[in-house]
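**Q** This is target01.cif (mmCIF, C-alpha atoms).
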data_my_file
#
loop_
_atom_site.label_atom_id
_atom_site.label_comp_id
_atom_site.auth_asym_id
_atom_site.auth_seq_id
_atom_site.Cartn_x
_atom_site.Cartn_y
_atom_site.Cartn_z
CA MET A 14 31.79 -86.24 -176.20
CA LYS A 15 32.82 -85.80 -179.84
CA ILE A 16 30.97 -82.48 -179.97
CA LYS A 17 32.44 -80.99 -176.78
CA PRO A 18 35.87 -80.02 -178.20
CA LYS A 19 34.24 -78.57 -181.32
CA LEU A 20 31.72 -76.58 -179.28
CA ILE A 21 34.48 -75.05 -177.20
CA ALA A 22 36.71 -74.51 -180.22
CA ASN A 23 33.99 -72.86 -182.31
CA LYS A 24 32.43 -70.69 -179.62
CA PHE A 25 35.53 -69.92 -177.54
CA PRO A 26 38.62 -70.47 -179.75
CA ASP A 27 41.11 -69.12 -177.18
CA ALA A 28 39.75 -71.08 -174.21
CA GLU A 29 41.13 -74.35 -172.94
CA VAL A 30 38.70 -74.75 -170.04
CA ILE A 31 35.28 -73.52 -169.00
CA LYS A 32 34.74 -72.99 -165.31
CA VAL A 33 31.25 -73.34 -163.87
CA SER A 34 29.73 -72.43 -160.51
CA CYS A 35 28.97 -74.83 -157.66
CA LEU A 36 25.77 -74.74 -155.61
CA ASP A 37 25.99 -76.80 -152.42
CA MET A 38 22.36 -77.73 -151.83
CA TRP A 39 21.45 -77.66 -148.13
CA THR A 40 17.74 -78.37 -148.63
CA PRO A 41 15.92 -79.67 -151.71
CA ARG A 42 15.29 -76.05 -152.77
CA GLU A 43 18.09 -73.97 -151.18
CA TYR A 44 21.86 -73.72 -151.49
CA ARG A 45 24.36 -72.45 -148.95
CA CYS A 46 26.03 -69.11 -149.62
CA ASP A 47 27.97 -67.98 -146.55
CA GLY A 48 31.59 -67.99 -145.46
CA ALA A 49 33.57 -70.62 -147.33
CA TRP A 50 30.44 -71.56 -149.27
CA SER A 51 30.36 -69.36 -152.32
CA PRO A 52 28.33 -70.31 -155.39
CA MET A 53 30.04 -67.60 -157.41
CA GLU A 54 33.41 -69.33 -157.02
CA THR A 55 34.08 -71.38 -160.10
CA ASP A 56 35.46 -74.79 -160.72
CA VAL A 57 36.99 -76.32 -163.87
CA ARG A 58 34.49 -78.76 -165.34
CA ILE A 59 34.67 -78.55 -169.14
CA ILE A 60 38.11 -79.23 -170.59
CA ARG A 61 38.96 -78.97 -174.27
CA TYR A 62 41.70 -81.60 -174.19
CA HIS A 63 40.80 -84.71 -172.25
CA ASP A 64 43.31 -87.14 -173.75
CA VAL A 65 46.39 -85.96 -171.86
CA PRO A 66 47.86 -87.61 -168.75
CA PHE A 67 46.86 -86.26 -165.36
CA GLY A 68 50.45 -86.38 -164.07
CA GLU A 69 51.33 -86.60 -160.40
CA THR A 70 48.36 -86.83 -158.09
CA GLY A 71 50.18 -85.91 -154.87
CA HIS A 72 48.71 -86.46 -151.45
CA ALA A 73 46.16 -83.66 -151.23
CA LEU A 74 42.66 -84.38 -150.01
CA HIS A 75 41.09 -82.44 -152.89
CA LEU A 76 42.78 -83.14 -156.17
CA PRO A 77 41.99 -80.98 -159.19
CA PRO A 78 39.52 -82.55 -161.66
CA TYR A 79 41.68 -81.73 -164.65
CA PRO A 80 45.05 -82.76 -166.09
CA ALA A 81 48.13 -81.07 -164.63
CA SER A 82 49.03 -79.75 -168.10
CA THR A 83 45.77 -77.78 -168.40
CA ASN A 84 46.37 -74.08 -168.90
CA LEU A 85 43.93 -72.52 -166.42
CA ALA A 86 44.83 -69.04 -167.63
CA LYS A 87 42.99 -69.80 -170.87
CA LYS A 88 39.60 -69.99 -169.22
CA ILE A 89 36.07 -68.73 -169.34
CA ASP A 90 34.00 -68.34 -166.17
CA ILE A 91 30.32 -69.06 -166.72
CA PHE A 92 27.61 -69.05 -164.09
CA ILE A 93 26.13 -72.40 -165.07
CA PRO A 94 25.33 -74.06 -161.77
CA LYS A 95 26.74 -77.44 -160.93
CA ILE A 96 24.22 -78.73 -158.40
CA HIS A 97 26.17 -80.43 -155.59
CA LEU A 98 24.00 -82.74 -153.46
CA ALA A 99 26.66 -84.08 -151.06
CA TYR A 100 25.43 -81.94 -148.15
CA LEU A 101 21.70 -82.30 -148.72
CA ARG A 102 21.04 -84.78 -145.89
CA VAL A 103 22.05 -83.97 -142.31
CA SER A 104 23.52 -87.48 -141.96
CA ASP A 105 25.78 -86.85 -144.99
CA ARG A 106 26.89 -83.52 -143.52
CA LYS A 107 27.81 -85.23 -140.26
CA GLN A 108 29.71 -87.96 -142.10
CA ARG A 109 31.68 -85.38 -144.11
CA TYR A 110 32.30 -83.28 -141.01
CA ASP A 111 33.77 -86.29 -139.18
CA PHE A 112 35.85 -87.28 -142.22
CA TYR A 113 37.35 -83.81 -142.61
CA LEU A 114 38.18 -83.48 -138.93
CA ARG A 115 40.03 -86.81 -139.07
CA ASN A 116 41.85 -86.06 -142.34
CA VAL A 117 42.46 -82.32 -142.55
CA SER A 118 45.04 -80.55 -140.44
CA GLN A 119 44.52 -76.96 -139.38
CA ASN A 120 48.24 -76.31 -139.88
CA ALA A 121 48.57 -78.03 -143.27
CA ASP A 122 45.32 -76.82 -144.83
CA PRO A 123 43.67 -74.01 -142.84
CA VAL A 124 41.11 -73.20 -145.57
CA SER A 125 39.74 -76.74 -145.79
CA TYR A 126 39.83 -77.04 -142.00
CA LYS A 127 37.76 -73.85 -141.58
CA HIS A 128 35.40 -75.10 -144.25
CA ALA A 129 35.05 -78.44 -142.44
CA LEU A 130 34.25 -76.78 -139.12
CA SER A 131 31.47 -74.77 -140.78
CA ILE A 132 29.64 -77.87 -142.07
CA MET A 133 27.70 -78.39 -138.84
CA ASN A 134 26.88 -74.71 -138.19
CA GLN A 135 23.22 -74.25 -137.27
CA ASN A 136 22.88 -70.64 -138.47
CA VAL A 137 23.68 -70.73 -142.16
CA GLU A 138 22.68 -68.44 -144.98
CA LEU A 139 20.60 -70.16 -147.63
CA LYS A 140 19.19 -68.87 -150.90
CA PRO A 141 16.41 -70.46 -152.91
CA TYR A 142 17.58 -72.00 -156.16
CA PHE A 143 14.21 -72.96 -157.55
CA ASP A 144 12.57 -69.55 -157.54
CA PHE A 145 10.84 -67.88 -160.50
CA TRP A 146 13.84 -65.80 -161.69
CA SER A 147 16.37 -68.63 -161.49
CA ARG A 148 14.02 -70.82 -163.52
CA MET A 149 13.60 -68.06 -166.10
CA TRP A 150 17.37 -67.50 -166.25
CA ALA A 151 18.07 -71.23 -166.56
CA THR A 152 15.41 -71.62 -169.26
CA PHE A 153 16.82 -68.75 -171.34
CA HIS A 154 20.43 -69.90 -171.03
CA GLY A 155 19.47 -73.54 -171.48
CA TRP A 156 17.80 -72.76 -174.81
CA LYS A 157 20.70 -70.56 -175.85
CA LEU A 158 23.18 -73.37 -175.07
CA TYR A 159 20.92 -75.90 -176.81
CA PHE A 160 20.99 -73.88 -180.05
CA GLN A 161 24.78 -73.44 -179.81
CA ILE A 162 25.19 -77.22 -179.47
CA TYR A 163 22.64 -77.84 -182.25
CA GLU A 164 24.44 -75.50 -184.66
CA THR A 165 27.80 -77.07 -183.80
CA MET A 166 26.42 -80.56 -184.43
CA LYS A 167 25.00 -79.49 -187.80
CA LYS A 168 28.36 -78.01 -188.80
CA HIS A 169 30.18 -81.15 -187.57
CA ARG A 170 27.89 -83.38 -189.67
CA ARG A 171 28.43 -81.24 -192.77
CA GLU A 172 32.23 -81.42 -192.29
CA LYS A 173 32.10 -85.24 -192.00
CA LYS A 174 30.30 -85.61 -195.38
#
Using structure tokens, write down the structure from this file.
**A**
Amino acid sequence: MKIKPKLIANKFPDAEVIKVSCLDMWTPREYRCDGAWSPMETDVRIIRYHDVPFGETGHALHLPPYPASTNLAKKIDIFIPKIHLAYLRVSDRKQRYDFYLRNVSQNADPVSYKHALSIMNQNVELKPYFDFWSRMWATFHGWKLYFQIYETMKKHRREKK
């Protein structure tokens, strides 16, 4: 956690947040990619400043996972998949479907409502995540990120001495 702000600051000095992609896994090897399910949509997950208050939480079903003061305009979108396993089992899908139908109003939140209705669709578009090319891509970018973190840690240690 001590390295995270330095990594962002050194590699991306103008960025306040890094947004990553979300893959909703529908089977152990495939993610959903149709309609409201878009793995290319990004989500704030790495925040430079994590010691600021989150502010008002409101009454929304989905609250943002970042402080209200975060400047989302100062962002970088990176296709680093966040593997989301909440829909992997059919029983979990059914439980989420029932929850959303009880708690989301079509009038108040039409996007979430449409998303909720699509959870139990039988004909969904799935793409394999664990295929040869995705493994090669992940390996290359994983090593690249590893060396960026390694170099940042070395620099951080030198600065502490």
**Q** To one decimal in Å, tell me the separation between atom CA of Lys140 of chain A and atom CA of Thr40 of chain A.
**A**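 Value for the atom CA of Lys140 of chain A-atom CA of Thr40 of chain A distance: 9.9 Å.
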**Q** Find, counting all atoms listed in the file, the residue in A:Lys107, A:Ile60, A:Phe25, A:Lys168 that gets nearest to Ser82 of chain A.
**A**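 Smallest distance to Ser82 of chain A is found for A:Ile60.
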**Q** Which of these, A:Ala121, A:Val103, A:Leu98, A:Leu130, has the shortest distance to Leu36 of chain A once you count only C-alpha atoms?
**A**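 Ranked by minimum distance to Leu36 of chain A, first place goes to A:Leu98.
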**Q** Find the distance between atom CA of His128 of chain A and atom CA of Ile96 of chain A and write it in Å to one decimal.
**A**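 Computing it gives 18.4 Å between the two atoms.
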**Q** I need the output of the PyMOL selection byres ((chain A and resi 132) around 12) for this file as a PyMOL selection string; which residues are they?
**A** chain A and resi 37+39+45+47-50+99-114+125-131+133-137
**Q** Which residue gives the smallest distance to Pro141 of chain A among A:Ile31, A:Met38, A:Ala81, A:Ile89, with all atoms listed in the file counted?
**A** A:Met38
**Q** Could you pull the residues within 7 Å of segment 85-87 of chain A, counting only C-alpha atoms, minus those fewer than 2 positions along the same chain, as a PyMOL selection string?
**A** chain A and resi 27-30+83
**Q** What is the distance between atom CA of Asp56 of chain A and atom CA of Val33 of chain A, in Å to one decimal?
**A**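 So the two atoms, atom CA of Asp56 of chain A and atom CA of Val33 of chain A, lie 5.5 Å apart.
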**Q** Of the candidates A:Met149, A:Lys24, A:Arg171, A:Glu138, which one gets nearest to Pro52 of chain A if we count only C-alpha atoms?
**A**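 Checking each candidate against Pro52 of chain A, we get A:Glu138 as the closest.
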